[in-house]
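Student: One structure follows; several queries about it will come next.
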Amino acid sequence: MRVAIGTLPLHASVIGLILVWVLPTAGLLVSSVRPAHLVSSTGWWTAFTTAPGFTLQNYEQVLTANNMGTSFLNSLMVTIPAVIIPIAVASFAAFAFAWMEFPLRNTIFLALVALLVVPLQMTLVPVLQLHTNLGLNGTFPGIWLAHTGYGLPFAIYLLRNFFGSLPRELLESAAIDGAGPATTFFRLILPLSVPALAALTIFQFLWVWNDLLVALIFLGGRPGVAPVTVTVSNLVNSLGQNWQLLTAAAFISTALPLIVFFALQRYFVRGLTAGAVKG
Amino acid sequence: MDRVAALAVAVVGVPLLLVGYIVASEWLLGRLPLRRRAGVRPWVWIGPAITFVVVYLIYPSLATIWLSLFDARSERFVGLANYEQIVQLSDVHIAIRNNVLWVVFFSGIVLAFGLVFAILADRVRYEGLAKSLIFLPMAISFTAASVIWKFVFDYQPAEVTQTGLLNAILTGLTPIDPQAWLISPPWNNLALIAVGVWVWTGFAMVIISAALKGIPVELLEAARVDGARELTVFRRILLPLLGPTIAVVGTTLVIFALKSFDIVYVMTSGNYETEVIANLMYEQLFSVRHNGRASSIAVVLLLAIVPVLIINLRRFRFQEAVR
């Protein structure tokens, strides 16, 4: 009953689109394990037919000689606190916005919604000057603080909506049982909000791990601090046509997000749709 | 090794500090007289967030407007001179044209693909897998996506084997010579936009697909029983019902298109007439080292986004009224 388009054209177009979407990534994976002379002389799609030969040497080289190993650790060093701090700070604020009365509450919240779309570029010059004056320029704590500021409006917005939808009776009965706000927050609100917190964690993780601009501005390209995105973008210039190395480096830079994505895709999709489809 | 130690300190220390803040503040609140507690408590909870937002968003945004009226080193007041200079830069004209291309083609194509794919995938049994694969690039950074696509667009002279996928297909199937996709303007802009489309289509598809599932099947069946053709059902029923969702996704896409930076920075550095506003600002800030001009470019970018901001606020107010 549902299939009103002819079956064959339908499957052909779906599969065709999937191929267009998957082939570029397949090329990345295959090329990253092929030796240099084959990558430069034959297309990656011939790897399984005419010219067999696979190697892990590309990975070895980019991890050591091209600094991807250090960069991977740097990315972890940037990302983990830059996910924890904004989500914690946002959840404190969202709790107050959802369940406490205070003057200007709605006005402040409206201002946060407005800040959701203010382009990051509007803040770069003054924040850079501030960080330089405070000696935070090119340091990990500097970029943690910057990512916290940039991530907060969205995080507060999402969590406030979720916290606000929890049943009022639940909070009232906790208060009657003598629980203070801190107890209510840590023992009741947070455990009940795991789906929202999970979605937000994935968003913030992907945003920080994959970010290039904030890292370029506040960390710079020094090998000691450069995260994977900055290192890969530098390699694009320095390695030129060495696709076997570039693809290996690019794959290392996306391995962790891909794992997180596949493991937690359900939460991610739920978070996305909860934010947008409501209205 | 001290890297790992630092990571451990950050992972354990930072959360302890944050939880400690609340526990300590609540303990202090407990010392206050009862009737003052309720007045002070909210500010304790929103305090850190407000501090961050003021220091990292509100103050810098206002300061940028102020700094755009100063010289390269933010020392001498120059009035509107920076704005006069940037409207004369030929790069700026190219950047504005390209951002218009991004807004129109990126947003338009992503919405169209997202819509079409949501509708098509809804009708096959392997929907879950199909959607996962289209959605997958959302997890990949624009930097890595740029490497992936630079390789797809790779160009070799006509007499050499083409190792780039697109030129291999082109020369394999047609007598046309291989093309330098990233170098010949203005089409190279579309090549860059294609990378953005590849990453973002999954986003549009997932959200539109969720809205699609919310439309009752009976409604569509009723129209079909009444003799409506598939295209009519799409135009008269599906599109109007999906309207609000498409508007939400569209705003997000337009904002992204206006701010697009990573793809251009990694793939062409703004060369070959692919410059965009965000990359221009980065160059003014780091290569030219002109704070005033960089700030004025940021202000121009903000002005372009203001209409979207107003639409967003209106919709938010409407939603709050409905709640």
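In the structure tokens, chains take the letters A, B, ... in the order shown, each chain's residues start at 1, and ligands count up from 1 in the order shown.
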Return as a tab-separated table the residues of range 118-168 of chain B lying at most 9 Å from range 239-243 of chain A, together with the closest atom-to-atom pair for each and the distance in Å to one decimal, counting only C-alpha atoms, with rows in chain order and ascending residue number.
Tutor:
```
residue	atom	partner	partner_atom	distance
B:Val147	CA	A:Trp243	CA	8.8
B:Phe151	CA	A:Trp243	CA	7.2
B:Asp154	CA	A:Gln241	CA	8.8
```
Student: Please identify all residues of chain B having at least one atom at most 7 Å from any atom of chain A, considering only C-alpha atoms, and return them as a PyMOL selection string.
Tutor: chain B and resi 7+10-11+14+23+26+42+45-46+48-49+52-53+56-57+60-61+63-64+120-121+123+130+133-134+139-141+143-144+147-149+152+161-164+198+207+210-211+245+248+262+266+291+295+298-299+302+309+313+319
Student: Pull C-alpha atoms from the residues just selected and write them as a short mmCIF file (atom, residue, chain, number, x, y, z; two decimals), in the first residue's frame.
Tutor:
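In the end it all went to selection.cif:
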```cif
data_model
loop_
_atom_site.label_atom_id
_atom_site.label_comp_id
_atom_site.auth_asym_id
_atom_site.auth_seq_id
_atom_site.Cartn_x
_atom_site.Cartn_y
_atom_site.Cartn_z
CA LEU B 7 45.05 14.62 31.58
CA ALA B 10 42.04 17.54 34.42
CA VAL B 11 39.62 14.60 34.31
CA VAL B 14 37.79 19.69 37.09
CA VAL B 23 28.39 21.86 47.86
CA GLU B 26 24.94 25.45 49.59
CA PRO B 42 19.31 31.29 42.22
CA TRP B 45 23.36 28.40 40.66
CA ILE B 46 23.35 30.61 37.56
CA PRO B 48 29.11 30.58 36.90
CA ALA B 49 27.10 30.41 33.67
CA PHE B 52 31.16 32.72 31.38
CA VAL B 53 28.54 34.17 29.07
CA TYR B 56 33.18 35.06 26.54
CA LEU B 57 30.13 36.27 24.60
CA PRO B 60 33.65 40.47 23.53
CA SER B 61 30.75 41.10 21.13
CA ALA B 63 34.19 45.12 22.42
CA THR B 64 34.42 43.92 18.80
CA LEU B 120 12.68 7.74 0.01
CA ALA B 121 14.20 6.03 3.06
CA ARG B 123 9.66 3.51 1.98
CA ALA B 130 20.44 3.75 4.94
CA LEU B 133 25.19 5.81 6.41
CA ILE B 134 23.94 9.19 5.18
CA ALA B 139 30.63 12.72 13.03
CA ILE B 140 33.54 13.62 10.73
CA SER B 141 35.28 16.96 11.16
CA THR B 143 39.02 19.11 8.29
CA ALA B 144 38.91 15.36 7.68
CA VAL B 147 40.96 15.67 3.06
CA ILE B 148 38.45 13.05 1.91
CA TRP B 149 37.06 15.32 -0.80
CA VAL B 152 38.00 12.79 -4.63
CA THR B 161 46.29 7.75 -14.53
CA GLN B 162 43.62 9.65 -12.59
CA THR B 163 43.68 8.64 -8.92
CA GLY B 164 40.94 11.07 -7.93
CA TRP B 198 27.93 15.83 2.10
CA ILE B 207 15.11 15.97 11.55
CA ALA B 210 11.32 12.54 12.47
CA ALA B 211 8.70 15.11 11.49
CA THR B 245 10.44 21.79 10.49
CA VAL B 248 13.96 25.37 11.61
CA ASP B 262 36.89 25.14 7.91
CA VAL B 266 41.67 23.56 4.54
CA ASN B 291 42.53 43.93 14.76
CA SER B 295 36.64 43.29 13.94
CA ALA B 298 33.05 40.28 12.17
CA VAL B 299 30.50 43.08 12.57
CA LEU B 302 26.84 39.75 12.58
CA LEU B 309 18.36 36.12 15.05
CA LEU B 313 13.54 35.04 18.91
CA GLN B 319 6.78 28.41 21.48
#
```
Student: Quick one: pick out all alpha helix (DSSP H) residues within range 43-209 of chain B from a backbone DSSP run and write them as a PyMOL selection string.
Tutor: chain B and resi 43-53+59-67+81-88+90-101+107-121+127-135+142-152+165-173+187-209
Student: Using only C-alpha atoms, pick whichever of B:Ala8, B:Leu101, B:Ile215, B:Ala168 has the shortest atom-to-atom distance to Pro186 in chain B.
Tutor: B:Leu101
Student: Please, what distance in Å, to one decimal, runs between CA of Phe154 in chain A and CA of Phe268 in chain A?
Tutor: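 Spanning CA of Phe154 in chain A to CA of Phe268 in chain A is a straight-line distance of 14.7 Å.
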Student: Contacts of range 268-275 of chain B at 8 Å or less, counting only C-alpha atoms, minus same-chain residues fewer than 4 places along, as a PDB file with C-alpha atoms, in the first residue's frame?
Tutor:
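Just written: out-v8.pdb:
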```
ATOM      1  CA  ASP B  91      38.598  40.042  -1.802  1.00  0.00           C
ATOM      2  CA  ILE B  94      34.431  37.926  -3.849  1.00  0.00           C
ATOM      3  CA  ALA B  95      33.811  36.775  -0.278  1.00  0.00           C
ATOM      4  CA  ASN B  98      30.701  33.397  -2.320  1.00  0.00           C
ATOM      5  CA  LEU B 182      39.226  23.153  -6.993  1.00  0.00           C
ATOM      6  CA  ILE B 183      41.039  25.679  -9.144  1.00  0.00           C
ATOM      7  CA  SER B 184      38.698  26.954 -11.859  1.00  0.00           C
ATOM      8  CA  PRO B 185      36.340  29.694 -10.635  1.00  0.00           C
ATOM      9  CA  PRO B 186      33.474  30.088 -10.097  1.00  0.00           C
ATOM     10  CA  ASN B 188      35.272  25.524  -7.561  1.00  0.00           C
ATOM     11  CA  ASN B 189      32.937  27.183  -5.055  1.00  0.00           C
ATOM     12  CA  VAL B 264      37.546  26.782   2.657  1.00  0.00           C
ATOM     13  CA  ASN B 279      38.301  33.140   6.301  1.00  0.00           C
ATOM     14  CA  LEU B 280      38.893  36.762   5.356  1.00  0.00           C
TER      15      LEU B 280
END
```
Student: Tell me which protein, DNA and RNA residues are within 10 Å of Gln179 in chain B, counting only C-alpha atoms, leaving out same-chain ones fewer than 3 positions away, and put them as a list in words.
Tutor: Phe153, Asp154, Tyr155, Gln156, Pro157, Ala158, Leu166, Asn167, Leu170, Thr171, Ile176, Leu182, Ile183 and Ser184 of chain B
Student: Can I get the selection written as an mmCIF file, in the first residue's frame, with N, CA and C atoms?
Tutor:
```cif
data_model
loop_
_atom_site.group_PDB
_atom_site.id
_atom_site.type_symbol
_atom_site.label_atom_id
_atom_site.label_comp_id
_atom_site.auth_asym_id
_atom_site.auth_seq_id
_atom_site.Cartn_x
_atom_site.Cartn_y
_atom_site.Cartn_z
ATOM 1 N N PHE B 153 38.488 15.004 -5.527
ATOM 2 C CA PHE B 153 38.637 16.022 -6.570
ATOM 3 C C PHE B 153 40.026 16.034 -7.200
ATOM 4 N N ASP B 154 40.907 15.148 -6.753
ATOM 5 C CA ASP B 154 42.306 15.197 -7.175
ATOM 6 C C ASP B 154 42.434 15.214 -8.703
ATOM 7 N N TYR B 155 43.411 15.985 -9.169
ATOM 8 C CA TYR B 155 43.568 16.187 -10.605
ATOM 9 C C TYR B 155 44.971 15.816 -11.054
ATOM 10 N N GLN B 156 45.051 15.008 -12.104
ATOM 11 C CA GLN B 156 46.336 14.701 -12.732
ATOM 12 C C GLN B 156 46.231 15.112 -14.201
ATOM 13 N N PRO B 157 47.355 15.475 -14.826
ATOM 14 C CA PRO B 157 47.318 15.812 -16.249
ATOM 15 C C PRO B 157 46.705 14.667 -17.054
ATOM 16 N N ALA B 158 46.162 15.006 -18.220
ATOM 17 C CA ALA B 158 45.339 14.061 -18.976
ATOM 18 C C ALA B 158 46.047 12.745 -19.303
ATOM 19 N N LEU B 166 36.542 11.441 -8.948
ATOM 20 C CA LEU B 166 35.680 12.188 -9.861
ATOM 21 C C LEU B 166 36.273 12.252 -11.267
ATOM 22 N N ASN B 167 37.570 12.553 -11.358
ATOM 23 C CA ASN B 167 38.204 12.622 -12.677
ATOM 24 C C ASN B 167 38.319 11.243 -13.319
ATOM 25 N N LEU B 170 34.958 10.696 -14.758
ATOM 26 C CA LEU B 170 34.777 11.601 -15.893
ATOM 27 C C LEU B 170 35.526 11.103 -17.129
ATOM 28 N N THR B 171 36.818 10.785 -16.945
ATOM 29 C CA THR B 171 37.616 10.370 -18.104
ATOM 30 C C THR B 171 37.290 8.944 -18.518
ATOM 31 N N ILE B 176 35.716 13.688 -22.152
ATOM 32 C CA ILE B 176 36.123 14.989 -21.601
ATOM 33 C C ILE B 176 37.458 14.868 -20.863
ATOM 34 N N LEU B 182 39.079 22.185 -8.090
ATOM 35 C CA LEU B 182 39.226 23.153 -6.993
ATOM 36 C C LEU B 182 39.864 24.455 -7.450
ATOM 37 N N ILE B 183 40.266 24.516 -8.716
ATOM 38 C CA ILE B 183 41.039 25.679 -9.144
ATOM 39 C C ILE B 183 40.278 26.601 -10.080
ATOM 40 N N SER B 184 39.349 26.053 -10.901
ATOM 41 C CA SER B 184 38.698 26.954 -11.859
ATOM 42 C C SER B 184 37.452 27.615 -11.289
#
```
Student: How many Å separate CA of Pro35 in chain A from CA of Leu245 in chain A?
Tutor: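 Interatomic distance here is 9.5 Å.
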Student: So that I can see what lies close to Val217 in chain B, please list as a PDB file with C-alpha atoms, in the first residue's frame the residues with an atom at most 12 Å from it, counting only C-alpha atoms and leaving out residues fewer than 5 positions away in the same chain.
Tutor:
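What follows is the written file around07.pdb:
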```pdb
ATOM      1  CA  MET A   1       0.000   0.000   0.000  1.00  0.00           C
ATOM      2  CA  ARG A   2       2.744   2.429   0.954  1.00  0.00           C
TER       3      ARG A   2
ATOM      4  CA  ASP B 122      10.763   5.943   4.688  1.00  0.00           C
ATOM      5  CA  LEU B 212       7.587  12.880   8.629  1.00  0.00           C
ATOM      6  CA  ALA B 222      -7.247   9.335   2.300  1.00  0.00           C
ATOM      7  CA  ALA B 223      -5.826  11.701  -0.298  1.00  0.00           C
ATOM      8  CA  ARG B 224      -4.640   8.789  -2.445  1.00  0.00           C
ATOM      9  CA  VAL B 233       0.147  14.469  -2.080  1.00  0.00           C
ATOM     10  CA  ILE B 237      -0.068  17.688   2.142  1.00  0.00           C
ATOM     11  CA  LEU B 238       3.530  16.739   2.981  1.00  0.00           C
TER      12      LEU B 238
END
```
